[in-house]
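work31.pdb (PDB, C-alpha atoms) appears below.
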```pdb
ATOM      1  CA  MET A   1     -25.310  -1.725 -37.545
ATOM      2  CA  ARG A   2     -26.334   1.726 -36.279
ATOM      3  CA  ASP A   3     -24.357   4.869 -36.953
ATOM      4  CA  PRO A   4     -21.156   4.575 -34.829
ATOM      5  CA  TYR A   5     -21.409   8.168 -33.641
ATOM      6  CA  SER A   6     -24.907   7.450 -32.323
ATOM      7  CA  VAL A   7     -23.733   4.209 -30.678
ATOM      8  CA  LEU A   8     -21.026   6.085 -28.773
ATOM      9  CA  GLY A   9     -23.291   9.060 -28.098
ATOM     10  CA  VAL A  10     -20.962  11.674 -29.623
ATOM     11  CA  ALA A  11     -21.323  14.254 -32.357
ATOM     12  CA  LYS A  12     -19.639  13.824 -35.734
ATOM     13  CA  THR A  13     -17.433  16.782 -34.838
ATOM     14  CA  ALA A  14     -16.236  15.142 -31.595
ATOM     15  CA  SER A  15     -12.499  15.145 -30.905
ATOM     16  CA  GLU A  16     -10.431  11.947 -30.657
ATOM     17  CA  GLY A  17     -10.237  12.452 -26.910
ATOM     18  CA  ASP A  18     -14.022  12.757 -26.557
ATOM     19  CA  ILE A  19     -14.540   9.609 -28.640
ATOM     20  CA  LYS A  20     -12.047   7.642 -26.560
ATOM     21  CA  LYS A  21     -13.629   8.884 -23.339
ATOM     22  CA  ALA A  22     -17.111   7.842 -24.513
ATOM     23  CA  PHE A  23     -15.857   4.414 -25.559
ATOM     24  CA  ARG A  24     -14.145   3.774 -22.202
ATOM     25  CA  LYS A  25     -17.321   4.701 -20.339
ATOM     26  CA  LEU A  26     -19.617   2.458 -22.407
ATOM     27  CA  ALA A  27     -17.190  -0.464 -22.598
ATOM     28  CA  LYS A  28     -16.890  -0.492 -18.837
ATOM     29  CA  LYS A  29     -20.660  -0.221 -18.441
ATOM     30  CA  TYR A  30     -21.573  -3.099 -20.788
ATOM     31  CA  HIS A  31     -18.638  -5.473 -20.316
ATOM     32  CA  PRO A  32     -19.944  -9.084 -19.900
ATOM     33  CA  ASP A  33     -18.025  -9.572 -16.681
ATOM     34  CA  GLN A  34     -19.950  -6.647 -15.227
ATOM     35  CA  ASN A  35     -23.321  -7.852 -16.528
ATOM     36  CA  LYS A  36     -23.373 -11.636 -16.133
ATOM     37  CA  ASP A  37     -27.151 -11.652 -15.638
ATOM     38  CA  ASP A  38     -27.938  -9.391 -18.603
ATOM     39  CA  PRO A  39     -27.624 -11.145 -22.001
ATOM     40  CA  GLY A  40     -28.435  -7.887 -23.801
ATOM     41  CA  ALA A  41     -25.346  -6.216 -22.375
ATOM     42  CA  GLN A  42     -23.099  -8.571 -24.360
ATOM     43  CA  GLN A  43     -24.626  -7.469 -27.668
ATOM     44  CA  ARG A  44     -24.459  -3.813 -26.626
ATOM     45  CA  PHE A  45     -20.786  -4.278 -25.698
ATOM     46  CA  ALA A  46     -20.047  -5.769 -29.123
ATOM     47  CA  GLU A  47     -21.839  -2.855 -30.781
ATOM     48  CA  VAL A  48     -19.737  -0.346 -28.823
ATOM     49  CA  ASN A  49     -16.551  -2.197 -29.834
ATOM     50  CA  GLN A  50     -17.540  -2.144 -33.515
ATOM     51  CA  ALA A  51     -18.387   1.560 -33.372
ATOM     52  CA  TYR A  52     -14.988   2.373 -31.920
ATOM     53  CA  GLU A  53     -13.306   0.205 -34.565
ATOM     54  CA  ILE A  54     -14.618   2.748 -37.085
ATOM     55  CA  VAL A  55     -14.508   6.198 -35.487
ATOM     56  CA  GLY A  56     -11.650   5.430 -33.080
ATOM     57  CA  ASP A  57      -9.311   5.000 -36.055
ATOM     58  CA  LYS A  58      -8.350   8.195 -37.851
ATOM     59  CA  ASP A  59      -8.242   6.666 -41.349
ATOM     60  CA  LYS A  60     -11.398   4.583 -41.012
ATOM     61  CA  ARG A  61     -13.264   7.536 -39.530
ATOM     62  CA  ALA A  62     -12.321   9.625 -42.531
ATOM     63  CA  GLN A  63     -13.457   6.831 -44.897
ATOM     64  CA  PHE A  64     -16.774   6.533 -43.060
ATOM     65  CA  ASP A  65     -17.354  10.297 -43.101
ATOM     66  CA  ARG A  66     -16.705  10.307 -46.870
ATOM     67  CA  GLY A  67     -19.141   7.428 -47.336
ATOM     68  CA  GLU A  68     -16.475   4.978 -48.541
ATOM     69  CA  ILE A  69     -17.251   2.388 -45.845
ATOM     70  CA  ASP A  70     -20.378   1.620 -43.860
ATOM     71  CA  ALA A  71     -20.895   1.265 -40.076
ATOM     72  CA  GLU A  72     -19.558  -2.307 -40.170
ATOM     73  CA  GLY A  73     -16.398  -1.307 -42.005
ATOM     74  CA  LYS A  74     -17.544  -2.745 -45.348
ATOM     75  CA  GLN A  75     -16.662  -0.869 -48.511
ATOM     76  CA  ARG A  76     -19.584   0.717 -50.288
ATOM     77  CA  PHE A  77     -20.055   0.188 -54.056
ATOM     78  CA  GLN A  78     -18.712   3.080 -56.116
ATOM     79  CA  SER A  79     -20.814   4.213 -59.076
ATOM     80  CA  LYS A  80     -17.794   5.625 -60.844
ATOM     81  CA  GLY A  81     -15.632   2.991 -62.541
ATOM     82  CA  PHE A  82     -17.684   0.049 -61.192
ATOM     83  CA  ASP A  83     -16.851  -3.117 -63.124
ATOM     84  CA  GLY A  84     -19.243  -5.470 -61.388
ATOM     85  CA  PHE A  85     -16.590  -7.131 -59.162
ATOM     86  CA  SER A  86     -14.252  -4.517 -57.717
ATOM     87  CA  GLY A  87     -16.563  -3.847 -54.762
ATOM     88  CA  PHE A  88     -16.031  -7.402 -53.426
ATOM     89  CA  GLU A  89     -12.285  -7.390 -53.040
ATOM     90  CA  ASP A  90     -12.294  -6.889 -49.270
ATOM     91  CA  PHE A  91     -14.976  -9.370 -48.323
ATOM     92  CA  GLY A  92     -13.081 -12.670 -48.542
ATOM     93  CA  ALA A  93     -14.374 -16.123 -47.743
ATOM     94  CA  ALA A  94     -14.926 -15.456 -44.068
ATOM     95  CA  GLY A  95     -17.471 -12.643 -44.492
ATOM     96  CA  GLY A  96     -17.370  -8.876 -44.844
ATOM     97  CA  ALA A  97     -16.767  -7.856 -41.253
ATOM     98  CA  GLN A  98     -14.050 -10.411 -40.645
ATOM     99  CA  GLY A  99     -12.319  -9.683 -43.931
ATOM    100  CA  PHE A 100     -12.275  -5.989 -43.155
ATOM    101  CA  ARG A 101     -10.863  -6.468 -39.664
ATOM    102  CA  SER A 102      -8.169  -8.853 -40.741
ATOM    103  CA  SER A 103      -6.842  -6.267 -43.159
ATOM    104  CA  GLY A 104      -5.106  -4.593 -40.175
ATOM    105  CA  GLY A 105      -4.839  -0.909 -39.457
ATOM    106  CA  ASN A 106      -4.545   1.258 -36.389
ATOM    107  CA  THR A 107      -7.589   1.181 -34.125
ATOM    108  CA  GLY A 108      -6.430   4.067 -31.960
ATOM    109  CA  GLY A 109      -5.078   1.951 -29.121
ATOM    110  CA  PHE A 110      -8.249  -0.186 -28.944
ATOM    111  CA  ASP A 111      -6.606  -3.161 -27.235
ATOM    112  CA  ASP A 112      -4.619  -0.968 -24.860
ATOM    113  CA  ILE A 113      -7.743   0.884 -23.774
ATOM    114  CA  LEU A 114      -9.647  -2.319 -23.034
ATOM    115  CA  ASN A 115      -6.697  -3.785 -21.163
ATOM    116  CA  ASP A 116      -6.498  -0.613 -19.053
ATOM    117  CA  ILE A 117     -10.207  -0.867 -18.231
ATOM    118  CA  PHE A 118     -10.535  -4.622 -17.706
ATOM    119  CA  GLY A 119      -7.092  -5.681 -16.497
ATOM    120  CA  GLY A 120      -8.701  -6.636 -13.192
ATOM    121  CA  PHE A 121     -11.214  -9.094 -14.710
ATOM    122  CA  GLY A 122      -8.979 -12.137 -14.632
ATOM    123  CA  GLY A 123      -6.776 -10.747 -17.410
ATOM    124  CA  ARG A 124      -9.611 -10.781 -20.000
ATOM    125  CA  GLY A 125      -9.513  -8.107 -22.673
ATOM    126  CA  GLY A 126     -12.660  -6.407 -23.866
ATOM    127  CA  ARG A 127     -12.680  -8.024 -27.297
ATOM    128  CA  SER A 128     -12.113 -11.615 -26.262
ATOM    129  CA  GLY A 129     -14.558 -11.122 -23.372
ATOM    130  CA  ALA A 130     -17.374 -10.239 -25.761
ATOM    131  CA  GLY A 131     -17.604 -13.836 -26.946
ATOM    132  CA  ALA A 132     -18.508 -15.329 -30.307
ATOM    133  CA  GLY A 133     -21.664 -14.071 -31.916
ATOM    134  CA  ALA A 134     -21.895 -11.105 -29.564
ATOM    135  CA  GLY A 135     -22.762  -8.588 -32.250
ATOM    136  CA  PRO A 136     -25.439  -8.496 -34.943
ATOM    137  CA  GLY A 137     -24.994 -11.488 -37.237
ATOM    138  CA  GLY A 138     -22.102 -12.705 -35.109
ATOM    139  CA  PHE A 139     -19.591 -10.257 -36.629
ATOM    140  CA  ALA A 140     -18.103  -9.127 -33.317
ATOM    141  CA  GLY A 141     -17.381 -12.659 -32.192
ATOM    142  CA  ALA A 142     -15.737 -13.529 -35.476
ATOM    143  CA  GLY A 143     -13.541 -10.440 -35.489
ATOM    144  CA  ALA A 144     -12.538 -10.828 -31.860
ATOM    145  CA  GLY A 145     -11.778 -14.527 -32.180
ATOM    146  CA  ALA A 146      -9.502 -13.892 -35.136
ATOM    147  CA  ARG A 147      -7.212 -11.785 -32.963
ATOM    148  CA  ALA A 148      -5.757 -14.079 -30.345
ATOM    149  CA  LYS A 149      -3.187 -12.294 -28.205
ATOM    150  CA  ALA A 150      -0.911 -13.068 -25.299
ATOM    151  CA  PRO A 151      -2.477 -12.733 -21.829
ATOM    152  CA  PRO A 152      -1.799  -9.367 -20.184
ATOM    153  CA  ARG A 153       1.054  -8.974 -17.752
ATOM    154  CA  LYS A 154      -0.099  -8.911 -14.142
ATOM    155  CA  LYS A 155       1.718  -7.590 -11.113
ATOM    156  CA  GLY A 156       2.424 -10.147  -8.381
ATOM    157  CA  LYS A 157       0.647 -10.057  -5.029
ATOM    158  CA  ASN A 158       2.028  -8.102  -2.102
ATOM    159  CA  ALA A 159       3.412 -10.022   0.883
ATOM    160  CA  GLU A 160       2.736  -9.062   4.512
ATOM    161  CA  ILE A 161       5.595  -9.610   6.981
ATOM    162  CA  ILE A 162       5.782  -8.821  10.701
ATOM    163  CA  ALA A 163       9.216  -7.716  11.982
ATOM    164  CA  ARG A 164       9.745  -7.950  15.736
ATOM    165  CA  VAL A 165      12.214  -5.203  16.574
ATOM    166  CA  SER A 166      14.147  -4.703  19.801
ATOM    167  CA  LEU A 167      14.815  -1.308  21.357
ATOM    168  CA  GLU A 168      18.542  -1.999  20.891
ATOM    169  CA  ASP A 169      17.944  -2.431  17.119
ATOM    170  CA  ILE A 170      16.170   0.921  16.953
ATOM    171  CA  VAL A 171      18.876   2.831  18.861
ATOM    172  CA  ASN A 172      22.082   1.122  17.748
ATOM    173  CA  SER A 173      21.876  -0.434  14.264
ATOM    174  CA  GLY A 174      18.675   1.199  13.020
ATOM    175  CA  LYS A 175      17.960  -2.023  11.087
ATOM    176  CA  THR A 176      16.127  -5.302  11.406
ATOM    177  CA  GLN A 177      16.266  -8.572   9.476
ATOM    178  CA  VAL A 178      13.311 -10.050   7.590
ATOM    179  CA  THR A 179      12.901 -13.128   5.401
ATOM    180  CA  LEU A 180      11.304 -12.456   1.993
ATOM    181  CA  PRO A 181       8.830 -14.794   0.224
ATOM    182  CA  SER A 182      11.758 -15.968  -1.919
ATOM    183  CA  GLY A 183      13.504 -17.253   1.243
ATOM    184  CA  LYS A 184      16.172 -14.563   1.074
ATOM    185  CA  THR A 185      17.036 -12.713   4.303
ATOM    186  CA  VAL A 186      17.644  -8.968   4.031
ATOM    187  CA  ASN A 187      18.311  -6.045   6.372
ATOM    188  CA  VAL A 188      15.563  -3.429   6.480
ATOM    189  CA  THR A 189      16.432   0.125   7.492
ATOM    190  CA  LEU A 190      14.081   1.440  10.159
ATOM    191  CA  PRO A 191      12.816   4.989   9.601
ATOM    192  CA  LYS A 192      13.689   7.604  12.202
ATOM    193  CA  GLY A 193      11.103   7.725  14.945
ATOM    194  CA  VAL A 194       9.656   4.349  13.936
ATOM    195  CA  GLU A 195       6.506   3.486  15.860
ATOM    196  CA  GLU A 196       4.604   0.345  16.778
ATOM    197  CA  GLY A 197       2.497  -0.832  13.813
ATOM    198  CA  GLU A 198       4.280   1.336  11.247
ATOM    199  CA  LYS A 199       4.633  -0.294   7.811
ATOM    200  CA  ILE A 200       7.698  -0.223   5.557
ATOM    201  CA  ARG A 201       7.297  -0.964   1.816
ATOM    202  CA  LEU A 202       9.946  -3.001  -0.014
ATOM    203  CA  LYS A 203       9.182  -2.490  -3.702
ATOM    204  CA  GLY A 204       9.447  -5.451  -6.037
ATOM    205  CA  GLN A 205      10.298  -7.926  -3.250
ATOM    206  CA  GLY A 206       6.891  -9.638  -3.086
ATOM    207  CA  HIS A 207       5.380 -12.539  -5.003
ATOM    208  CA  PRO A 208       6.382 -12.875  -8.684
ATOM    209  CA  GLY A 209       4.122 -11.470 -11.402
ATOM    210  CA  GLU A 210       2.237 -13.399 -14.062
ATOM    211  CA  HIS A 211       3.097 -13.521 -17.769
ATOM    212  CA  GLY A 212       6.223 -11.433 -17.266
ATOM    213  CA  GLY A 213       4.570  -8.853 -15.013
ATOM    214  CA  PRO A 214       6.492  -7.117 -12.202
ATOM    215  CA  ALA A 215       6.759  -8.645  -8.740
ATOM    216  CA  GLY A 216       4.571  -7.341  -5.953
ATOM    217  CA  ASP A 217       5.835  -5.482  -2.893
ATOM    218  CA  VAL A 218       6.573  -6.564   0.660
ATOM    219  CA  MET A 219       4.855  -4.675   3.476
ATOM    220  CA  VAL A 220       6.876  -4.986   6.690
ATOM    221  CA  GLU A 221       4.861  -4.200   9.825
ATOM    222  CA  VAL A 222       6.995  -3.180  12.808
ATOM    223  CA  ARG A 223       6.231  -4.726  16.183
ATOM    224  CA  ILE A 224       8.455  -3.536  19.043
ATOM    225  CA  LYS A 225       9.496  -6.202  21.541
ATOM    226  CA  PRO A 226       8.852  -5.514  25.248
ATOM    227  CA  HIS A 227      12.076  -4.802  27.172
ATOM    228  CA  LYS A 228      12.934  -6.281  30.555
ATOM    229  CA  LEU A 229      14.163  -2.909  31.900
ATOM    230  CA  PHE A 230      12.832  -0.028  29.819
ATOM    231  CA  GLU A 231       9.274   1.142  29.235
ATOM    232  CA  MET A 232       8.476   3.205  26.123
ATOM    233  CA  LYS A 233       6.424   6.386  26.264
ATOM    234  CA  GLY A 234       6.733   7.976  22.853
ATOM    235  CA  THR A 235      10.444   8.462  22.247
ATOM    236  CA  ASP A 236      11.187   8.691  25.992
ATOM    237  CA  LEU A 237      12.217   5.658  28.015
ATOM    238  CA  HIS A 238      11.441   5.020  31.677
ATOM    239  CA  LEU A 239      13.613   2.956  34.020
ATOM    240  CA  ASP A 240      13.044   1.946  37.654
ATOM    241  CA  LEU A 241      16.421   2.006  39.470
ATOM    242  CA  PRO A 242      16.596  -0.005  42.715
ATOM    243  CA  LEU A 243      18.543   1.729  45.569
ATOM    244  CA  THR A 244      19.599   0.562  48.998
ATOM    245  CA  LEU A 245      18.437   2.575  51.971
ATOM    246  CA  TYR A 246      21.919   3.854  52.674
ATOM    247  CA  GLU A 247      22.434   4.906  49.018
ATOM    248  CA  ALA A 248      19.217   6.893  49.198
ATOM    249  CA  VAL A 249      20.133   8.471  52.576
ATOM    250  CA  LEU A 250      23.821   9.163  52.019
ATOM    251  CA  GLY A 251      23.922   9.558  48.233
ATOM    252  CA  ALA A 252      26.000   7.463  45.822
ATOM    253  CA  LYS A 253      27.142   6.908  42.227
ATOM    254  CA  VAL A 254      25.146   4.005  40.787
ATOM    255  CA  ARG A 255      25.901   2.204  37.538
ATOM    256  CA  THR A 256      22.770   2.676  35.410
ATOM    257  CA  PRO A 257      22.015   0.856  32.116
ATOM    258  CA  THR A 258      21.035   2.706  28.929
ATOM    259  CA  LEU A 259      20.440   1.337  25.411
ATOM    260  CA  SER A 260      23.781   2.743  24.270
ATOM    261  CA  GLY A 261      25.827   1.571  27.274
ATOM    262  CA  ALA A 262      25.870   1.930  31.069
ATOM    263  CA  VAL A 263      26.584   5.288  32.804
ATOM    264  CA  ASN A 264      27.396   6.229  36.407
ATOM    265  CA  LEU A 265      24.395   8.142  37.734
ATOM    266  CA  THR A 266      24.860  10.448  40.744
ATOM    267  CA  ILE A 267      22.236   9.852  43.416
ATOM    268  CA  PRO A 268      21.974  12.913  45.699
ATOM    269  CA  PRO A 269      21.622  12.416  49.499
ATOM    270  CA  ASN A 270      18.111  12.010  50.891
ATOM    271  CA  THR A 271      16.706  10.759  47.539
ATOM    272  CA  SER A 272      13.096   9.614  47.649
ATOM    273  CA  SER A 273      11.573   6.777  45.654
ATOM    274  CA  GLY A 274       9.732   7.792  42.479
ATOM    275  CA  LYS A 275      11.431  11.179  41.990
ATOM    276  CA  ALA A 276      12.619  10.899  38.371
ATOM    277  CA  MET A 277      16.056  11.975  37.176
ATOM    278  CA  ARG A 278      16.399  12.780  33.466
ATOM    279  CA  LEU A 279      19.244  11.598  31.225
ATOM    280  CA  LYS A 280      18.924  13.735  28.086
ATOM    281  CA  GLY A 281      19.300  12.117  24.673
ATOM    282  CA  LYS A 282      19.309   8.557  26.056
ATOM    283  CA  GLY A 283      15.868   7.709  24.694
ATOM    284  CA  LEU A 284      14.726   6.590  21.218
ATOM    285  CA  PRO A 285      15.390   8.403  17.913
ATOM    286  CA  ASN A 286      12.682  10.831  16.811
ATOM    287  CA  LYS A 287      11.576  11.871  13.330
ATOM    288  CA  ASN A 288      13.540  15.142  13.551
ATOM    289  CA  GLY A 289      16.892  13.386  13.885
ATOM    290  CA  GLY A 290      17.221  13.842  17.656
ATOM    291  CA  HIS A 291      16.552  11.507  20.576
ATOM    292  CA  GLY A 292      14.136  11.323  23.449
ATOM    293  CA  ASP A 293      15.272  11.149  27.085
ATOM    294  CA  LEU A 294      15.711   8.410  29.689
ATOM    295  CA  LEU A 295      13.802   9.072  32.927
ATOM    296  CA  VAL A 296      15.233   7.159  35.900
ATOM    297  CA  LYS A 297      12.989   6.604  38.915
ATOM    298  CA  PRO A 298      14.762   5.534  42.140
ATOM    299  CA  GLN A 299      13.066   2.707  44.017
ATOM    300  CA  ILE A 300      14.323   2.220  47.616
ATOM    301  CA  ILE A 301      14.686  -1.451  48.475
ATOM    302  CA  MET A 302      14.907  -2.561  52.112
ATOM    303  CA  ALA A 303      17.267  -5.303  53.258
ATOM    304  CA  PRO A 304      15.841  -8.834  52.856
ATOM    305  CA  HIS A 305      16.225  -9.528  56.598
ATOM    306  CA  SER A 306      15.454  -7.597  59.789
ATOM    307  CA  ASP A 307      18.220  -5.743  61.684
ATOM    308  CA  ASN A 308      18.030  -4.869  65.392
ATOM    309  CA  GLU A 309      20.359  -1.893  65.094
ATOM    310  CA  LEU A 310      18.296  -0.435  62.231
ATOM    311  CA  ASP A 311      15.125  -0.959  64.237
ATOM    312  CA  THR A 312      16.639   0.902  67.246
ATOM    313  CA  LEU A 313      17.853   3.710  64.986
ATOM    314  CA  MET A 314      14.474   4.124  63.323
ATOM    315  CA  LYS A 315      12.668   4.255  66.666
ATOM    316  CA  ALA A 316      14.993   7.000  67.888
ATOM    317  CA  TRP A 317      14.717   8.843  64.583
ATOM    318  CA  LYS A 318      10.935   8.691  64.781
ATOM    319  CA  GLU A 319      11.030  10.358  68.192
ATOM    320  CA  ILE A 320      13.653  12.966  67.357
ATOM    321  CA  THR A 321      12.894  13.822  63.705
ATOM    322  CA  PRO A 322       9.338  12.910  62.768
ATOM    323  CA  TYR A 323       8.129  13.944  59.248
ATOM    324  CA  ARG A 324       5.122  13.429  56.993
ATOM    325  CA  ALA A 325       5.494  11.208  53.906
ATOM    326  CA  ARG A 326       1.890  11.728  52.761
ATOM    327  CA  GLY A 327      -0.075  14.894  52.074
ATOM    328  CA  PRO A 328      -3.397  15.924  53.571
ATOM    329  CA  GLU A 329      -5.302  14.212  50.765
ATOM    330  CA  TYR A 330      -4.436  10.899  52.451
ATOM    331  CA  ASP A 331      -6.014  11.937  55.770
TER     332      ASP A 331
END
```
Translate this file's structure into structure tokens.
Amino acid sequence: MRDPYSVLGVAKTASEGDIKKAFRKLAKKYHPDQNKDDPGAQQRFAEVNQAYEIVGDKDKRAQFDRGEIDAEGKQRFQSKGFDGFSGFEDFGAAGGAQGFRSSGGNTGGFDDILNDIFGGFGGRGGRSGAGAGAGPGGFAGAGAGARAKAPPRKKGKNAEIIARVSLEDIVNSGKTQVTLPSGKTVNVTLPKGVEEGEKIRLKGQGHPGEHGGPAGDVMVEVRIKPHKLFEMKGTDLHLDLPLTLYEAVLGAKVRTPTLSGAVNLTIPPNTSSGKAMRLKGKGLPNKNGGHGDLLVKPQIIMAPHSDNELDTLMKAWKEITPYRARGPEYD
């Protein structure tokens, strides 16, 4: 086993933070799941693990620096007071490296670090992933195999849901109903100024986690239903309002629908088709807490049948009061 400082590429005076940083970098680089076609990476990974077992632990690092243990964690023979057998007390029947590891001790968050790095590799930790016999003489495999641990907790998958929202929902209730993966139906509050395709996150409402991990989230994508009367343009709404010829000529009060209830709209005399009238605040909510407007465009509708009196009137009107409906650009 090489000097653990050299294995990690740090100086003997390196701080705990520098040692941990070096270990994370090398463990990620040589992990077997990252190097399936490189058998040598597995041995290098085991060597990095063993090095961090020594210098990543405050007490073991101090013992190594004082020469009390070697790079594999084995106790060195002491010349003072040696009785011929005391140097073997930590070796045990399973071999020096395994006996040393099974004695316990703080490894500076070794398992936590590997779980942080490799949590995405099918839940495999760095030590169990190294495999038996990964290190010189098989010591890394023996030490890792001796420490079986529960599989890591994994967050559940997110669920994607499409919510089809009506304009009435947006203006009146500000909510829509969705069915979660669990089968439960809940009301989702729509954000102010919600737009087509906007996504709303419901935390912890997705698929359940594994091994006690938290549930995933639900991502609700908003799709706005087309309306039979109103057309959306941003937060403004547009409405075509049919008028009779006499309402357009003489003027009238016409009952006009809005998303919050019908209103009586005053149509001035001699109203032309397509000239929009604005109803302020009758549009959709915006992100500032206000509302857009409703723009009403009159559309003059002729009677479904011909009328001799109207024909006579129009002929006389044409002679007495002719006017242009189109500009010069139509000439």
Show me, as a list of chain:residue names, the residues that have an atom within 8 Å of A:Glu196 when counting all atoms listed in the file, minus same-chain residues fewer than 5 positions from it. A:Val222, A:Arg223, A:Ile224
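Every residue that the PyMOL selection byres ((chain A and resi 207) around 7) selects in this file is listed here: Gly156, Lys157, Asn158, Ala159, Pro181, Gln205, Gly206, Pro208, Gly209, Ala215 and Gly216 of chain A.
Residue nearest A:Leu284 within the list A:Lys74, A:Lys21, A:Lys203, A:His238: A:His238 [criterion: smallest interatomic distance, all atoms listed in the file].
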Need the neighbours of (4.7, -10.2, 4.2): which residues are at most 7 Å away, counting all atoms listed in the file, as a PyMOL selection string? chain A and resi 159-162+218-220
So that each row is one residue of stretch 208-267 of chain A with an atom at most 10 Å from stretch 276-280 of chain A, can you give its shortest atom pair and the distance in Å to one decimal, using only C-alpha atoms, rows by chain and rising number, as CSV?
```
residue,atom,partner,partner_atom,distance
A:Asp236,CA,A:Lys280,CA,9.5
A:Leu237,CA,A:Leu279,CA,9.7
A:His238,CA,A:Ala276,CA,9.0
A:Leu239,CA,A:Ala276,CA,9.1
A:Asp240,CA,A:Ala276,CA,9.0
A:Leu241,CA,A:Ala276,CA,9.7
A:Thr258,CA,A:Leu279,CA,9.4
A:Val263,CA,A:Leu279,CA,9.8
A:Leu265,CA,A:Leu279,CA,9.0
A:Thr266,CA,A:Met277,CA,9.6
A:Ile267,CA,A:Met277,CA,9.0
```
Can those selected residues be exported to a file as a CSV table (one decimal), in the coordinates of the input so that it contains C-alpha atoms?
```csv
chain,number,residue,atom,x,y,z
A,236,ASP,CA,11.2,8.7,26.0
A,237,LEU,CA,12.2,5.7,28.0
A,238,HIS,CA,11.4,5.0,31.7
A,239,LEU,CA,13.6,3.0,34.0
A,240,ASP,CA,13.0,1.9,37.7
A,241,LEU,CA,16.4,2.0,39.5
A,258,THR,CA,21.0,2.7,28.9
A,263,VAL,CA,26.6,5.3,32.8
A,265,LEU,CA,24.4,8.1,37.7
A,266,THR,CA,24.9,10.4,40.7
A,267,ILE,CA,22.2,9.9,43.4
```
Counting only C-alpha atoms, find the residues whose atoms lie at most 10 Å from (-17.4, 0.6, -35.3) (file coordinates) and write them out as a PyMOL selection string. chain A and resi 1-5+7-8+46-57+60-61+64+70-73+107+140
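Atom CA of A:Asn187 lies 27.6 Å from atom CA of A:Leu294.
Between atom CA of A:Thr13 and atom CA of A:Arg66 the interatomic distance comes to 13.7 Å.
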Using the chain letters and numbers from the file, give me the residues hit by the PyMOL selection byres ((chain A and resi 192) around 12), as a short mmCIF file (atom, residue, chain, number, x, y, z; two decimals) with C-alpha atoms, keeping the file's coordinate frame.
```cif
data_model
loop_
_atom_site.label_atom_id
_atom_site.label_comp_id
_atom_site.auth_asym_id
_atom_site.auth_seq_id
_atom_site.Cartn_x
_atom_site.Cartn_y
_atom_site.Cartn_z
CA ASP A 169 17.94 -2.43 17.12
CA ILE A 170 16.17 0.92 16.95
CA VAL A 171 18.88 2.83 18.86
CA ASN A 172 22.08 1.12 17.75
CA SER A 173 21.88 -0.43 14.26
CA GLY A 174 18.68 1.20 13.02
CA LYS A 175 17.96 -2.02 11.09
CA THR A 189 16.43 0.12 7.49
CA LEU A 190 14.08 1.44 10.16
CA PRO A 191 12.82 4.99 9.60
CA GLY A 193 11.10 7.72 14.94
CA VAL A 194 9.66 4.35 13.94
CA GLU A 195 6.51 3.49 15.86
CA GLU A 198 4.28 1.34 11.25
CA ILE A 200 7.70 -0.22 5.56
CA THR A 235 10.44 8.46 22.25
CA LEU A 284 14.73 6.59 21.22
CA PRO A 285 15.39 8.40 17.91
CA ASN A 286 12.68 10.83 16.81
CA LYS A 287 11.58 11.87 13.33
CA ASN A 288 13.54 15.14 13.55
CA GLY A 289 16.89 13.39 13.88
CA GLY A 290 17.22 13.84 17.66
CA HIS A 291 16.55 11.51 20.58
CA GLY A 292 14.14 11.32 23.45
#
```
If you take every atom of stretch 314-329 of chain A that the file lists and fit an axis-aligned box around them with 8 Å extra on each side, what centre and edge lengths come out in Å to one decimal, as lines of an AutoDock Vina configuration file?
```
center_x = 4.8
center_y = 10.0
center_z = 59.5
size_x = 36.3
size_y = 27.8
size_z = 33.4
```
Atomic separation - atom CA of A:Ala163 relative to atom CA of A:Glu231, Å: 19.4 Å
Near A:Ile300, within 8 Å and counting all atoms listed in the file, which residues show up once chain neighbours fewer than 4 positions away are dropped, as a VMD selection string? chain A and resid 242 to 245 248 272 to 273
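Comparing A:Lys29, A:Arg201, A:Lys297, A:Lys58 by their smallest distance to A:Phe45, the closest is A:Lys29 (using all atoms listed in the file).
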Let me make sure I understand: among A:Asp293, A:Glu221, A:Gly213, A:Lys25, which one has the smallest atom-to-atom distance to A:Lys154 if we use only C-alpha atoms? A:Gly213
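With all atoms listed in the file as the atoms that count, the residue of A:Gly234, A:Gly197, A:Pro257, A:Pro152 with the shortest distance to A:His211 is A:Pro152.
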Could you add N, CA and C atoms to stretch 166-172 of chain A and give me the result as an mmCIF file, in the frame of the given file?
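For reference, rebuild.cif as written:
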```cif
data_model
loop_
_atom_site.group_PDB
_atom_site.id
_atom_site.type_symbol
_atom_site.label_atom_id
_atom_site.label_comp_id
_atom_site.auth_asym_id
_atom_site.auth_seq_id
_atom_site.Cartn_x
_atom_site.Cartn_y
_atom_site.Cartn_z
ATOM 1 N N SER A 166 13.762 -5.029 18.422
ATOM 2 C CA SER A 166 14.147 -4.703 19.801
ATOM 3 C C SER A 166 14.487 -3.219 19.912
ATOM 4 N N LEU A 167 14.437 -2.710 21.137
ATOM 5 C CA LEU A 167 14.815 -1.308 21.357
ATOM 6 C C LEU A 167 16.289 -1.095 21.007
ATOM 7 N N GLU A 168 17.121 -2.111 21.250
ATOM 8 C CA GLU A 168 18.542 -1.999 20.891
ATOM 9 C C GLU A 168 18.707 -1.847 19.380
ATOM 10 N N ASP A 169 17.886 -2.576 18.581
ATOM 11 C CA ASP A 169 17.944 -2.431 17.119
ATOM 12 C C ASP A 169 17.630 -0.997 16.707
ATOM 13 N N ILE A 170 16.599 -0.432 17.316
ATOM 14 C CA ILE A 170 16.170 0.921 16.953
ATOM 15 C C ILE A 170 17.261 1.940 17.249
ATOM 16 N N VAL A 171 17.904 1.826 18.439
ATOM 17 C CA VAL A 171 18.876 2.831 18.861
ATOM 18 C C VAL A 171 20.248 2.611 18.226
ATOM 19 N N ASN A 172 20.692 1.385 18.145
ATOM 20 C CA ASN A 172 22.082 1.122 17.748
ATOM 21 C C ASN A 172 22.254 0.898 16.247
#
```
